[in-house]
$ cat target-v6.cif   # mmCIF, C-alpha atoms
data_protein
#
loop_
_atom_site.group_PDB
_atom_site.id
_atom_site.type_symbol
_atom_site.label_atom_id
_atom_site.label_comp_id
_atom_site.auth_asym_id
_atom_site.auth_seq_id
_atom_site.Cartn_x
_atom_site.Cartn_y
_atom_site.Cartn_z
ATOM 1 C CA MET A 297 214.678 20.201 67.846
ATOM 2 C CA LYS A 298 213.536 21.349 71.236
ATOM 3 C CA GLU A 299 213.503 18.654 73.896
ATOM 4 C CA ILE A 300 210.096 17.936 75.370
ATOM 5 C CA GLU A 301 210.056 18.937 78.999
ATOM 6 C CA LYS A 302 208.632 16.668 81.661
ATOM 7 C CA PRO A 303 205.919 18.196 83.833
ATOM 8 C CA LYS A 304 207.333 19.353 87.144
ATOM 9 C CA GLY A 305 206.653 16.997 90.004
ATOM 10 C CA SER A 306 205.579 14.146 87.696
ATOM 11 C CA THR A 307 206.749 10.570 88.126
ATOM 12 C CA ALA A 308 207.691 8.652 85.016
ATOM 13 C CA THR A 309 205.371 5.743 84.262
ATOM 14 C CA VAL A 310 207.193 4.561 81.130
ATOM 15 C CA LEU A 311 210.639 3.163 81.965
ATOM 16 C CA SER A 312 213.430 1.690 79.896
ATOM 17 C CA LEU A 313 214.675 -1.837 80.447
ATOM 18 C CA ALA A 314 217.832 -0.418 82.052
ATOM 19 C CA GLU A 315 215.721 1.593 84.518
ATOM 20 C CA LEU A 316 213.524 -1.401 85.328
ATOM 21 C CA LEU A 317 216.562 -3.623 85.929
ATOM 22 C CA ALA A 318 218.088 -0.994 88.204
ATOM 23 C CA GLN A 319 214.935 -1.062 90.347
ATOM 24 C CA GLN A 320 214.906 -4.837 90.732
ATOM 25 C CA PRO A 321 216.352 -6.441 93.878
ATOM 26 C CA PRO A 322 219.410 -8.663 93.283
ATOM 27 C CA THR A 323 217.325 -11.755 94.125
ATOM 28 C CA PRO A 324 213.552 -12.243 93.812
ATOM 29 C CA PRO A 325 211.628 -11.842 97.071
ATOM 30 C CA PRO A 326 210.844 -15.109 98.884
ATOM 31 C CA SER A 327 207.353 -16.534 98.854
ATOM 32 C CA LEU A 328 205.257 -15.752 101.902
ATOM 33 C CA VAL A 329 204.285 -19.435 102.079
ATOM 34 C CA GLU A 330 206.617 -22.051 100.670
ATOM 35 C CA PRO A 331 207.143 -23.936 98.476
ATOM 36 C CA GLY A 332 205.995 -21.133 96.187
ATOM 37 C CA LEU A 333 202.370 -21.289 97.365
ATOM 38 C CA LEU A 334 201.964 -17.572 98.002
ATOM 39 C CA PRO A 335 204.381 -15.294 96.135
ATOM 40 C CA ALA A 336 204.785 -11.696 97.271
ATOM 41 C CA GLN A 337 201.679 -9.882 95.976
ATOM 42 C CA GLY A 338 200.423 -13.213 94.632
ATOM 43 C CA ILE A 339 196.847 -14.493 94.572
ATOM 44 C CA TRP A 340 196.084 -17.918 96.059
ATOM 45 C CA PHE A 341 192.645 -19.482 95.473
ATOM 46 C CA VAL A 342 191.470 -22.101 97.975
ATOM 47 C CA GLY A 343 188.414 -24.148 97.008
ATOM 48 C CA GLY A 344 186.427 -27.258 97.784
ATOM 49 C CA GLU A 345 182.971 -28.642 98.420
ATOM 50 C CA PRO A 346 180.823 -27.152 101.213
ATOM 51 C CA LYS A 347 181.823 -28.171 104.765
ATOM 52 C CA VAL A 348 185.138 -29.702 103.657
ATOM 53 C CA GLY A 349 187.102 -27.391 105.970
ATOM 54 C CA LYS A 350 188.167 -24.494 103.711
ATOM 55 C CA SER A 351 187.531 -21.751 106.265
ATOM 56 C CA LEU A 352 189.230 -23.667 109.080
ATOM 57 C CA LEU A 353 192.264 -24.297 106.912
ATOM 58 C CA VAL A 354 192.488 -20.667 105.808
ATOM 59 C CA ALA A 355 192.172 -19.480 109.428
ATOM 60 C CA ASN A 356 195.081 -21.815 110.239
ATOM 61 C CA LEU A 357 197.046 -20.285 107.370
ATOM 62 C CA ALA A 358 196.289 -16.741 108.562
ATOM 63 C CA LEU A 359 197.495 -17.519 112.088
ATOM 64 C CA ALA A 360 200.577 -19.364 110.807
ATOM 65 C CA LEU A 361 201.474 -16.408 108.561
ATOM 66 C CA ALA A 362 200.960 -13.918 111.377
ATOM 67 C CA ALA A 363 203.117 -15.984 113.743
ATOM 68 C CA GLY A 364 205.759 -17.032 111.211
ATOM 69 C CA SER A 365 204.987 -20.664 112.051
ATOM 70 C CA ASP A 366 205.104 -23.680 109.736
ATOM 71 C CA ARG A 367 203.173 -26.007 112.040
ATOM 72 C CA MET A 368 200.876 -27.073 109.133
ATOM 73 C CA GLY A 369 203.742 -28.362 107.005
ATOM 74 C CA PHE A 370 203.835 -25.200 104.851
ATOM 75 C CA PRO A 371 207.067 -23.290 105.622
ATOM 76 C CA VAL A 372 206.486 -19.616 106.512
ATOM 77 C CA PRO A 373 209.850 -17.796 106.317
ATOM 78 C CA ALA A 374 208.802 -14.753 108.394
ATOM 79 C CA PRO A 375 205.830 -13.328 110.310
ATOM 80 C CA ARG A 376 203.469 -11.258 108.158
ATOM 81 C CA ARG A 377 200.719 -8.765 108.885
ATOM 82 C CA VAL A 378 197.471 -10.491 107.865
ATOM 83 C CA LEU A 379 194.070 -8.849 107.454
ATOM 84 C CA VAL A 380 191.150 -11.284 107.594
ATOM 85 C CA CYS A 381 187.901 -10.287 105.852
ATOM 86 C CA GLN A 382 185.460 -13.100 106.583
ATOM 87 C CA PHE A 383 181.736 -13.122 105.936
ATOM 88 C CA GLU A 384 180.582 -16.575 107.103
ATOM 89 C CA LEU A 385 180.472 -16.324 110.906
ATOM 90 C CA PRO A 386 179.203 -13.641 113.275
ATOM 91 C CA LEU A 387 182.192 -11.833 114.761
ATOM 92 C CA PRO A 388 181.900 -13.377 118.295
ATOM 93 C CA GLN A 389 181.875 -16.910 116.820
ATOM 94 C CA PHE A 390 184.847 -16.156 114.585
ATOM 95 C CA VAL A 391 186.824 -14.694 117.490
ATOM 96 C CA HIS A 392 186.031 -17.805 119.558
ATOM 97 C CA ARG A 393 187.343 -19.984 116.713
ATOM 98 C CA LEU A 394 190.568 -17.980 116.661
ATOM 99 C CA LEU A 395 190.812 -18.253 120.448
ATOM 100 C CA VAL A 396 190.619 -22.055 120.282
ATOM 101 C CA MET A 397 193.344 -22.138 117.611
ATOM 102 C CA ARG A 398 195.498 -19.669 119.571
ATOM 103 C CA ARG A 399 195.822 -22.062 122.521
ATOM 104 C CA ALA A 400 198.130 -24.288 120.491
ATOM 105 C CA LEU A 401 200.073 -21.348 119.064
ATOM 106 C CA GLY A 402 200.492 -18.925 121.925
ATOM 107 C CA PRO A 403 200.593 -15.120 121.544
ATOM 108 C CA ALA A 404 202.951 -15.083 118.531
ATOM 109 C CA ALA A 405 200.197 -13.968 116.124
ATOM 110 C CA ASP A 406 198.393 -11.551 118.426
ATOM 111 C CA HIS A 407 199.693 -8.297 116.963
ATOM 112 C CA HIS A 408 200.110 -9.416 113.346
ATOM 113 C CA LEU A 409 196.638 -10.885 112.775
ATOM 114 C CA LEU A 410 193.987 -8.229 112.177
ATOM 115 C CA VAL A 411 190.259 -8.613 111.456
ATOM 116 C CA ASP A 412 188.056 -6.291 109.413
ATOM 117 C CA THR A 413 185.065 -6.131 111.761
ATOM 118 C CA ARG A 414 182.959 -4.210 109.208
ATOM 119 C CA ALA A 415 183.661 -6.257 106.089
ATOM 120 C CA VAL A 416 180.097 -7.551 105.767
ATOM 121 C CA GLY A 417 178.050 -5.599 103.241
ATOM 122 C CA HIS A 418 180.972 -4.164 101.302
ATOM 123 C CA LEU A 419 181.338 -5.401 97.722
ATOM 124 C CA LEU A 420 184.504 -5.502 95.668
ATOM 125 C CA SER A 421 182.283 -5.134 92.606
ATOM 126 C CA ALA A 422 181.306 -1.594 93.707
ATOM 127 C CA PRO A 423 183.792 1.316 93.828
ATOM 128 C CA GLN A 424 182.883 2.270 97.399
ATOM 129 C CA GLY A 425 183.220 -1.354 98.504
ATOM 130 C CA LEU A 426 186.631 -1.745 96.893
ATOM 131 C CA ASN A 427 187.672 1.492 98.582
ATOM 132 C CA HIS A 428 186.599 0.097 101.960
ATOM 133 C CA PHE A 429 188.919 -2.910 101.614
ATOM 134 C CA VAL A 430 191.801 -0.757 100.354
ATOM 135 C CA VAL A 431 191.446 1.624 103.318
ATOM 136 C CA ALA A 432 191.188 -1.293 105.785
ATOM 137 C CA ALA A 433 194.280 -2.981 104.335
ATOM 138 C CA LYS A 434 196.311 0.221 104.463
ATOM 139 C CA ALA A 435 195.198 0.883 108.040
ATOM 140 C CA ALA A 436 196.372 -2.632 108.936
ATOM 141 C CA ALA A 437 199.595 -2.296 106.893
ATOM 142 C CA ALA A 438 198.550 -5.703 105.604
ATOM 143 C CA GLU A 439 200.984 -7.894 103.715
ATOM 144 C CA VAL A 440 198.314 -10.571 103.198
ATOM 145 C CA ILE A 441 194.545 -10.125 102.793
ATOM 146 C CA VAL A 442 192.181 -13.071 103.322
ATOM 147 C CA LEU A 443 188.764 -12.962 101.600
ATOM 148 C CA ASP A 444 186.460 -15.728 102.844
ATOM 149 C CA PRO A 445 184.408 -16.452 100.787
ATOM 150 C CA LEU A 446 184.676 -14.641 97.458
ATOM 151 C CA TYR A 447 180.951 -14.881 96.649
ATOM 152 C CA SER A 448 180.169 -12.646 99.643
ATOM 153 C CA THR A 449 182.280 -9.848 98.159
ATOM 154 C CA HIS A 450 180.310 -9.381 94.937
ATOM 155 C CA ASP A 451 176.841 -9.399 93.377
ATOM 156 C CA GLN A 452 177.840 -10.615 89.911
ATOM 157 C CA ASP A 453 176.632 -13.639 87.931
ATOM 158 C CA GLU A 454 179.364 -16.258 88.389
ATOM 159 C CA ASN A 455 178.275 -17.963 85.166
ATOM 160 C CA ASP A 456 178.928 -14.768 83.204
ATOM 161 C CA THR A 457 182.546 -14.634 82.032
ATOM 162 C CA ARG A 458 182.479 -10.858 81.595
ATOM 163 C CA ALA A 459 181.111 -10.312 85.089
ATOM 164 C CA MET A 460 183.752 -12.587 86.589
ATOM 165 C CA ALA A 461 186.478 -10.882 84.541
ATOM 166 C CA ALA A 462 185.378 -7.545 86.023
ATOM 167 C CA LEU A 463 185.509 -9.071 89.516
ATOM 168 C CA CYS A 464 189.027 -10.355 88.818
ATOM 169 C CA GLN A 465 190.045 -6.837 87.826
ATOM 170 C CA ALA A 466 188.754 -5.658 91.204
ATOM 171 C CA LEU A 467 190.969 -8.262 92.897
ATOM 172 C CA LEU A 468 193.952 -7.009 90.923
ATOM 173 C CA ARG A 469 193.167 -3.406 91.855
ATOM 174 C CA LEU A 470 192.949 -4.414 95.525
ATOM 175 C CA ARG A 471 196.319 -6.163 95.272
ATOM 176 C CA ASP A 472 198.007 -3.286 93.434
ATOM 177 C CA ALA A 473 196.575 -0.538 95.647
ATOM 178 C CA THR A 474 197.691 -2.276 98.849
ATOM 179 C CA GLY A 475 200.813 -4.160 97.740
ATOM 180 C CA ALA A 476 199.434 -7.207 99.591
ATOM 181 C CA ALA A 477 199.094 -10.836 98.602
ATOM 182 C CA LEU A 478 195.565 -12.298 98.533
ATOM 183 C CA ILE A 479 194.211 -15.601 99.844
ATOM 184 C CA VAL A 480 190.747 -16.079 98.335
ATOM 185 C CA VAL A 481 188.289 -18.773 99.417
ATOM 186 C CA HIS A 482 185.977 -19.763 96.578
ATOM 187 C CA HIS A 483 183.520 -22.584 95.903
ATOM 188 C CA VAL A 484 183.753 -25.078 93.055
ATOM 189 C CA ARG A 485 181.484 -26.249 90.279
ATOM 190 C CA LYS A 486 179.353 -29.350 90.703
ATOM 191 C CA SER A 487 180.403 -32.671 89.173
ATOM 192 C CA ILE A 488 184.133 -32.006 88.883
ATOM 193 C CA THR A 489 186.597 -34.781 88.028
ATOM 194 C CA ARG A 490 189.650 -35.706 90.034
ATOM 195 C CA ASP A 491 191.977 -34.216 87.418
ATOM 196 C CA GLU A 492 190.357 -30.776 87.641
ATOM 197 C CA ILE A 493 191.904 -28.193 89.963
ATOM 198 C CA GLY A 494 191.954 -24.600 88.692
ATOM 199 C CA SER A 495 189.166 -25.304 86.225
ATOM 200 C CA ALA A 496 186.994 -26.634 89.070
ATOM 201 C CA PHE A 497 186.381 -23.145 90.472
ATOM 202 C CA ARG A 498 183.170 -21.321 89.567
ATOM 203 C CA GLY A 499 183.840 -18.690 86.917
ATOM 204 C CA SER A 500 187.154 -20.415 86.254
ATOM 205 C CA SER A 501 187.610 -19.129 82.678
ATOM 206 C CA ALA A 502 188.207 -15.697 84.205
ATOM 207 C CA LEU A 503 189.783 -16.847 87.460
ATOM 208 C CA HIS A 504 192.439 -18.792 85.593
ATOM 209 C CA ALA A 505 193.847 -15.530 84.276
ATOM 210 C CA VAL A 506 194.328 -13.928 87.686
ATOM 211 C CA GLY A 507 195.412 -16.581 90.209
ATOM 212 C CA ASP A 508 198.990 -17.662 90.861
ATOM 213 C CA THR A 509 198.103 -20.739 92.923
ATOM 214 C CA TYR A 510 195.017 -22.953 93.079
ATOM 215 C CA MET A 511 194.517 -25.411 95.935
ATOM 216 C CA LEU A 512 191.571 -27.794 96.006
ATOM 217 C CA LEU A 513 190.396 -29.568 99.168
ATOM 218 C CA THR A 514 188.628 -32.916 98.944
ATOM 219 C CA ARG A 515 187.687 -35.415 101.630
ATOM 220 C CA PRO A 516 188.892 -38.936 100.763
ATOM 221 C CA SER A 517 186.553 -40.495 103.331
ATOM 222 C CA PRO A 518 183.518 -38.944 105.059
ATOM 223 C CA GLN A 519 184.342 -40.923 108.206
ATOM 224 C CA LEU A 520 187.875 -39.531 108.650
ATOM 225 C CA PRO A 521 188.961 -35.977 109.649
ATOM 226 C CA THR A 522 191.423 -35.955 106.753
ATOM 227 C CA VAL A 523 191.482 -33.756 103.664
ATOM 228 C CA GLU A 524 193.491 -34.159 100.490
ATOM 229 C CA LEU A 525 195.086 -31.076 98.970
ATOM 230 C CA ARG A 526 195.785 -30.845 95.240
ATOM 231 C CA PHE A 527 197.696 -27.972 93.714
ATOM 232 C CA GLN A 528 198.026 -26.113 90.449
ATOM 233 C CA PHE A 529 200.388 -23.229 89.706
ATOM 234 C CA ARG A 530 200.124 -20.758 86.882
ATOM 235 C CA TYR A 531 203.864 -20.610 86.224
ATOM 236 C CA SER A 532 205.361 -23.852 87.535
ATOM 237 C CA PRO A 533 204.618 -27.589 87.836
ATOM 238 C CA PRO A 534 202.155 -28.602 90.572
ATOM 239 C CA LEU A 535 203.154 -30.032 93.931
ATOM 240 C CA PRO A 536 202.274 -33.670 94.645
ATOM 241 C CA PRO A 537 198.958 -34.072 96.495
ATOM 242 C CA ARG A 538 199.244 -34.175 100.267
ATOM 243 C CA LEU A 539 197.044 -35.070 103.213
ATOM 244 C CA LEU A 540 196.171 -32.979 106.259
ATOM 245 C CA LYS A 541 194.479 -34.253 109.399
ATOM 246 C CA LEU A 542 192.232 -32.057 111.545
ATOM 247 C CA ASP A 543 192.481 -32.131 115.337
ATOM 248 C CA PRO A 544 188.894 -31.352 116.404
ATOM 249 C CA GLN A 545 190.058 -30.123 119.825
ATOM 250 C CA SER A 546 192.621 -27.552 118.660
ATOM 251 C CA LEU A 547 190.975 -26.904 115.236
ATOM 252 C CA TRP A 548 194.415 -27.180 113.640
ATOM 253 C CA PHE A 549 195.295 -29.147 110.555
ATOM 254 C CA SER A 550 198.627 -30.963 110.542
ATOM 255 C CA SER A 551 200.517 -32.871 107.881
ATOM 256 C CA ALA A 552 199.433 -36.487 107.387
ATOM 257 C CA GLY A 553 201.934 -37.275 104.628
ATOM 258 C CA ALA A 554 201.658 -37.643 100.886
ATOM 259 C CA ALA A 555 198.327 -38.621 99.367
ATOM 260 C CA PRO A 556 198.250 -42.225 98.118
ATOM 261 C CA ILE A 557 198.333 -42.752 94.385
ATOM 262 C CA ALA A 558 194.895 -43.648 93.066
ATOM 263 C CA SER A 559 194.619 -47.383 92.518
ATOM 264 C CA SER A 560 192.501 -47.021 89.423
ATOM 265 C CA VAL A 561 192.858 -44.833 86.359
ATOM 266 C CA ARG A 562 190.109 -42.804 84.780
ATOM 267 C CA HIS A 563 187.787 -44.830 82.620
ATOM 268 C CA LYS A 564 187.076 -43.881 79.046
ATOM 269 C CA VAL A 565 183.484 -44.810 78.360
ATOM 270 C CA ASP A 566 182.645 -45.871 74.806
ATOM 271 C CA PRO A 567 179.220 -45.748 73.132
ATOM 272 C CA SER A 568 179.190 -49.536 73.422
ATOM 273 C CA ASP A 569 179.275 -49.146 77.231
ATOM 274 C CA VAL A 570 176.220 -46.900 77.009
ATOM 275 C CA ALA A 571 174.368 -49.456 74.932
ATOM 276 C CA GLN A 572 175.384 -52.170 77.394
ATOM 277 C CA ALA A 573 174.041 -50.080 80.281
ATOM 278 C CA LEU A 574 170.682 -49.817 78.496
ATOM 279 C CA SER A 575 170.584 -53.547 77.761
ATOM 280 C CA THR A 576 171.325 -54.362 81.405
ATOM 281 C CA ARG A 577 168.309 -52.328 82.543
ATOM 282 C CA GLY A 578 165.775 -53.537 80.015
ATOM 283 C CA GLY A 579 166.677 -51.334 77.037
ATOM 284 C CA GLN A 580 164.840 -48.156 78.071
ATOM 285 C CA LEU A 581 165.823 -45.565 80.698
ATOM 286 C CA ARG A 582 165.439 -41.896 81.502
ATOM 287 C CA TYR A 583 168.537 -39.701 81.406
ATOM 288 C CA ASN A 584 169.368 -39.738 85.121
ATOM 289 C CA GLN A 585 168.775 -43.497 85.318
ATOM 290 C CA LEU A 586 171.029 -44.132 82.332
ATOM 291 C CA ARG A 587 173.777 -41.873 83.652
ATOM 292 C CA LEU A 588 173.717 -43.591 87.042
ATOM 293 C CA GLN A 589 173.826 -47.033 85.429
ATOM 294 C CA ILE A 590 176.878 -46.032 83.340
ATOM 295 C CA MET A 591 178.646 -44.620 86.415
ATOM 296 C CA GLN A 592 178.032 -47.809 88.390
ATOM 297 C CA GLN A 593 178.952 -50.073 85.508
ATOM 298 C CA THR A 594 182.212 -48.342 84.504
ATOM 299 C CA GLU A 595 183.137 -46.545 87.756
ATOM 300 C CA CYS A 596 183.422 -43.270 85.839
ATOM 301 C CA SER A 597 182.572 -39.712 86.852
ATOM 302 C CA LYS A 598 179.201 -38.065 86.243
ATOM 303 C CA ARG A 599 180.769 -35.786 83.637
ATOM 304 C CA THR A 600 182.286 -38.735 81.752
ATOM 305 C CA ALA A 601 178.921 -40.526 81.722
ATOM 306 C CA GLN A 602 177.212 -37.402 80.375
ATOM 307 C CA LEU A 603 179.734 -37.089 77.551
ATOM 308 C CA ALA A 604 179.365 -40.768 76.722
ATOM 309 C CA ILE A 605 175.568 -40.448 76.425
ATOM 310 C CA SER A 606 175.951 -37.462 74.115
ATOM 311 C CA GLN A 607 178.490 -39.302 71.941
ATOM 312 C CA ALA A 608 176.355 -42.446 71.775
ATOM 313 C CA CYS A 609 173.374 -40.380 70.575
ATOM 314 C CA LYS A 610 175.478 -38.754 67.857
ATOM 315 C CA GLN A 611 176.746 -42.120 66.661
ATOM 316 C CA GLY A 612 173.305 -43.665 66.738
ATOM 317 C CA SER A 613 174.200 -46.323 69.320
ATOM 318 C CA ILE A 614 171.187 -45.195 71.353
ATOM 319 C CA VAL A 615 168.054 -43.189 70.527
ATOM 320 C CA HIS A 616 166.369 -40.415 72.524
ATOM 321 C CA ASN A 617 162.601 -40.538 72.184
ATOM 322 C CA ASP A 618 159.861 -38.950 74.320
ATOM 323 C CA GLY A 619 162.107 -38.441 77.377
ATOM 324 C CA GLN A 620 163.472 -41.998 77.206
ATOM 325 C CA TYR A 621 166.740 -43.426 75.908
ATOM 326 C CA CYS A 622 166.510 -46.760 74.152
ATOM 327 C CA LEU A 623 168.379 -48.971 71.717
ATOM 328 C CA PRO A 624 167.758 -48.394 67.988
ATOM 329 C CA LEU A 625 165.241 -50.743 66.371
#
$ encode --input "target-v6.cif" --output "structure tokens"
Amino acid sequence: MKEIEKPKGSTATVLSLAELLAQQPPTPPPSLVEPGLLPAQGIWFVGGEPKVGKSLLVANLALALAAGSDRMGFPVPAPRRVLVCQFELPLPQFVHRLLVMRRALGPAADHHLLVDTRAVGHLLSAPQGLNHFVVAAKAAAAEVIVLDPLYSTHDQDENDTRAMAALCQALLRLRDATGAALIVVHHVRKSITRDEIGSAFRGSSALHAVGDTYMLLTRPSPQLPTVELRFQFRYSPPLPPRLLKLDPQSLWFSSAGAAPIASSVRHKVDPSDVAQALSTRGGQLRYNQLRLQIMQQTECSKRTAQLAISQACKQGSIVHNDGQYCLPL
């Protein structure tokens, strides 16, 4: 039988296990940010409520990566070339923010941190937009690409799983075409619980299939310049929560130790608690009033109160009639 000839000049795309093993380095490449937060060509999602400090923290990370500095408490084994694509601030304001941060760091990041000055208006969800980011990353020889925020890079419905899955494929194509790791700033759903991390991100059913690391920022107290970080990894156990404190003069976050263990556990709200909440307020309430009463009475989350109301209705512990919730006759 005549052997099938390979086309001249072609590169094999189907390899045997022996060939794949021969191409592998003797040890896996180190993470760009330790401990395991940003693997080589990994995708790291950073999320939180508005104005919690996501963009400041990610700018710190970009500078630390470019300088090879672990001043934030995240070890950075070596300097990396970082391309920042940010859409929130006008360029002069963003450069001023970097200038303030640079004073504490010195010139170590000057030639490794690069900014896409024409990122605004280009969409990952469009072929020409994706091409723009690929070309910019290759021109920068970027090892890390920062996208801040994700919603400015697309025009898709974030409540549509298919649309978000297509956007995630665009992220993967950007990663594969450039060989770079991605740090992606994204917002979270409303009314999330403390136990939610990866699932707290908008469009999370699709995002969960593409990210390697998820980091959620919350502010334990509105009066303090401290944020709590919680982590979730796709392939390994999460890190313990930790605290960072912001210096408003330098605009740098620094480690403030481990986050304290919550003094109270999550409350499971029973239908009897819902009935008790109605009785306490006269036996008849609108939905928002009832939900608030349950939250105050049991110290539970909004989501838990909503589920409890639904369960109580199914069991007949309360009755919904003409926009009001009341006890059964």
$ resolve_selection --input "target-v6.cif" --expression "the PyMOL selection byres ((chain A and resi 569) around 10)" --output "NGL selection string"
:A and (564-568 or 570-575 or 590 or 593-594 or 601 or 604-605 or 608 or 613)
$ write_last_selection --input "target-v6.cif" --atoms "C-alpha atoms" --output "tab-separated table (two decimals), keeping the file's coordinate frame"
chain	number	residue	atom	x	y	z
A	564	LYS	CA	187.08	-43.88	79.05
A	565	VAL	CA	183.48	-44.81	78.36
A	566	ASP	CA	182.64	-45.87	74.81
A	567	PRO	CA	179.22	-45.75	73.13
A	568	SER	CA	179.19	-49.54	73.42
A	570	VAL	CA	176.22	-46.90	77.01
A	571	ALA	CA	174.37	-49.46	74.93
A	572	GLN	CA	175.38	-52.17	77.39
A	573	ALA	CA	174.04	-50.08	80.28
A	574	LEU	CA	170.68	-49.82	78.50
A	575	SER	CA	170.58	-53.55	77.76
A	590	ILE	CA	176.88	-46.03	83.34
A	593	GLN	CA	178.95	-50.07	85.51
A	594	THR	CA	182.21	-48.34	84.50
A	601	ALA	CA	178.92	-40.53	81.72
A	604	ALA	CA	179.36	-40.77	76.72
A	605	ILE	CA	175.57	-40.45	76.42
A	608	ALA	CA	176.36	-42.45	71.78
A	613	SER	CA	174.20	-46.32	69.32
$ atom_distance --input "target-v6.cif" --atom1 "atom CA of Leu512 of chain A" --atom2 "atom CA of Arg526 of chain A"
5.3 Å
$ atom_distance --input "target-v6.cif" --atom1 "atom CA of Leu313 of chain A" --atom2 "atom CA of Asp472 of chain A"
21.2 Å
$ residues_around --input "target-v6.cif" --residues "segment 443-456 of chain A" --least-positions-apart "4" --cutoff "9 Å" --atoms "all atoms listed in the file" --output "PyMOL selection string"
chain A and resi 350-351+354+379-384+415-422+425+460-461+463+478-483+498-499
$ closest_residue --input "target-v6.cif" --among "A:His616, A:Pro533, A:Phe549, A:Pro516" --to "Leu357 of chain A" --atoms "only C-alpha atoms"
A:Phe549
$ resolve_selection --input "target-v6.cif" --expression "the PyMOL selection byres ((chain A and resi 619) around 12)" --output "PyMOL selection string"
chain A and resi 580-586+615-618+620-622
$ closest_residue --input "target-v6.cif" --among "A:Ala459, A:Leu470, A:Met397, A:Val372" --to "Pro544 of chain A" --atoms "all atoms listed in the file"
A:Met397
$ atom_distance --input "target-v6.cif" --atom1 "atom CA of Asp366 of chain A" --atom2 "atom CA of Arg398 of chain A"
14.3 Å
$ closest_atom_pairs --input "target-v6.cif" --of "segment 338-419 of chain A" --to "segment 490-493 of chain A" --cutoff "12 Å" --atoms "only C-alpha atoms" --output "CSV"
residue,atom,partner,partner_atom,distance
A:Phe341,CA,A:Ile493,CA,10.3
A:Val342,CA,A:Ile493,CA,10.1
A:Gly343,CA,A:Ile493,CA,8.8
A:Gly344,CA,A:Ile493,CA,9.6
$ write_last_selection --input "target-v6.cif" --atoms "C-alpha atoms" --output "PDB file, in the coordinates of the input"
ATOM      1  CA  PHE A 341     192.645 -19.482  95.473  1.00  0.00           C
ATOM      2  CA  VAL A 342     191.470 -22.101  97.975  1.00  0.00           C
ATOM      3  CA  GLY A 343     188.414 -24.148  97.008  1.00  0.00           C
ATOM      4  CA  GLY A 344     186.427 -27.258  97.784  1.00  0.00           C
TER       5      GLY A 344
END
$ closest_residue --input "target-v6.cif" --among "A:Ala362, A:Met511, A:Val348, A:Leu525" --to "Ser551 of chain A" --atoms "only C-alpha atoms"
A:Leu525
$ residues_around --input "target-v6.cif" --residues "Leu410 of chain A" --least-positions-apart "4" --cutoff "10 Å" --atoms "only C-alpha atoms" --output "PyMOL selection string"
chain A and resi 358-359+362+377-381+405-406+432-433+436-438+441
$ resolve_selection --input "target-v6.cif" --expression "the PyMOL selection byres ((chain A and resi 327-336) around 6)" --output "JSON, numbers by chain"
{"A": [326, 337, 338, 370, 371, 372, 477]}
$ closest_residue --input "target-v6.cif" --among "A:Ser495, A:Lys486, A:Glu524, A:Ala400" --to "Gln545 of chain A" --atoms "all atoms listed in the file"
A:Ala400
$ closest_residue --input "target-v6.cif" --among "A:Ala308, A:Leu316, A:Ala505, A:Leu603" --to "Met591 of chain A" --atoms "only C-alpha atoms"
A:Leu603
$ closest_residue --input "target-v6.cif" --among "A:Ser312, A:Thr489, A:Gly553, A:Trp548" --to "Leu395 of chain A" --atoms "all atoms listed in the file"
A:Trp548
$ axis_aligned_box --input "target-v6.cif" --around "segment 564-581 of chain A" --padding-each-side "4 Å" --output "lines of an AutoDock Vina configuration file"
center_x = 176.0
center_y = -49.1
center_z = 77.8
size_x = 30.2
size_y = 18.5
size_z = 17.4
$ decode --input "target-v6.cif" --residues "segment 366-378 of chain A" --atoms "C-alpha atoms" --output "mmCIF file, in the first residue's frame"
data_model
loop_
_atom_site.group_PDB
_atom_site.id
_atom_site.type_symbol
_atom_site.label_atom_id
_atom_site.label_comp_id
_atom_site.auth_asym_id
_atom_site.auth_seq_id
_atom_site.Cartn_x
_atom_site.Cartn_y
_atom_site.Cartn_z
ATOM 1 C CA ASP A 366 6.165 41.559 44.798
ATOM 2 C CA ARG A 367 5.448 44.678 46.848
ATOM 3 C CA MET A 368 1.703 43.778 47.016
ATOM 4 C CA GLY A 369 2.322 40.431 48.696
ATOM 5 C CA PHE A 370 1.929 38.485 45.424
ATOM 6 C CA PRO A 371 5.349 37.073 44.422
ATOM 7 C CA VAL A 372 6.360 37.939 40.837
ATOM 8 C CA PRO A 373 9.289 35.680 39.847
ATOM 9 C CA ALA A 374 10.480 37.808 36.893
ATOM 10 C CA PRO A 375 9.690 41.041 35.034
ATOM 11 C CA ARG A 376 7.137 40.618 32.241
ATOM 12 C CA ARG A 377 6.088 42.711 29.271
ATOM 13 C CA VAL A 378 2.557 43.923 30.063
#
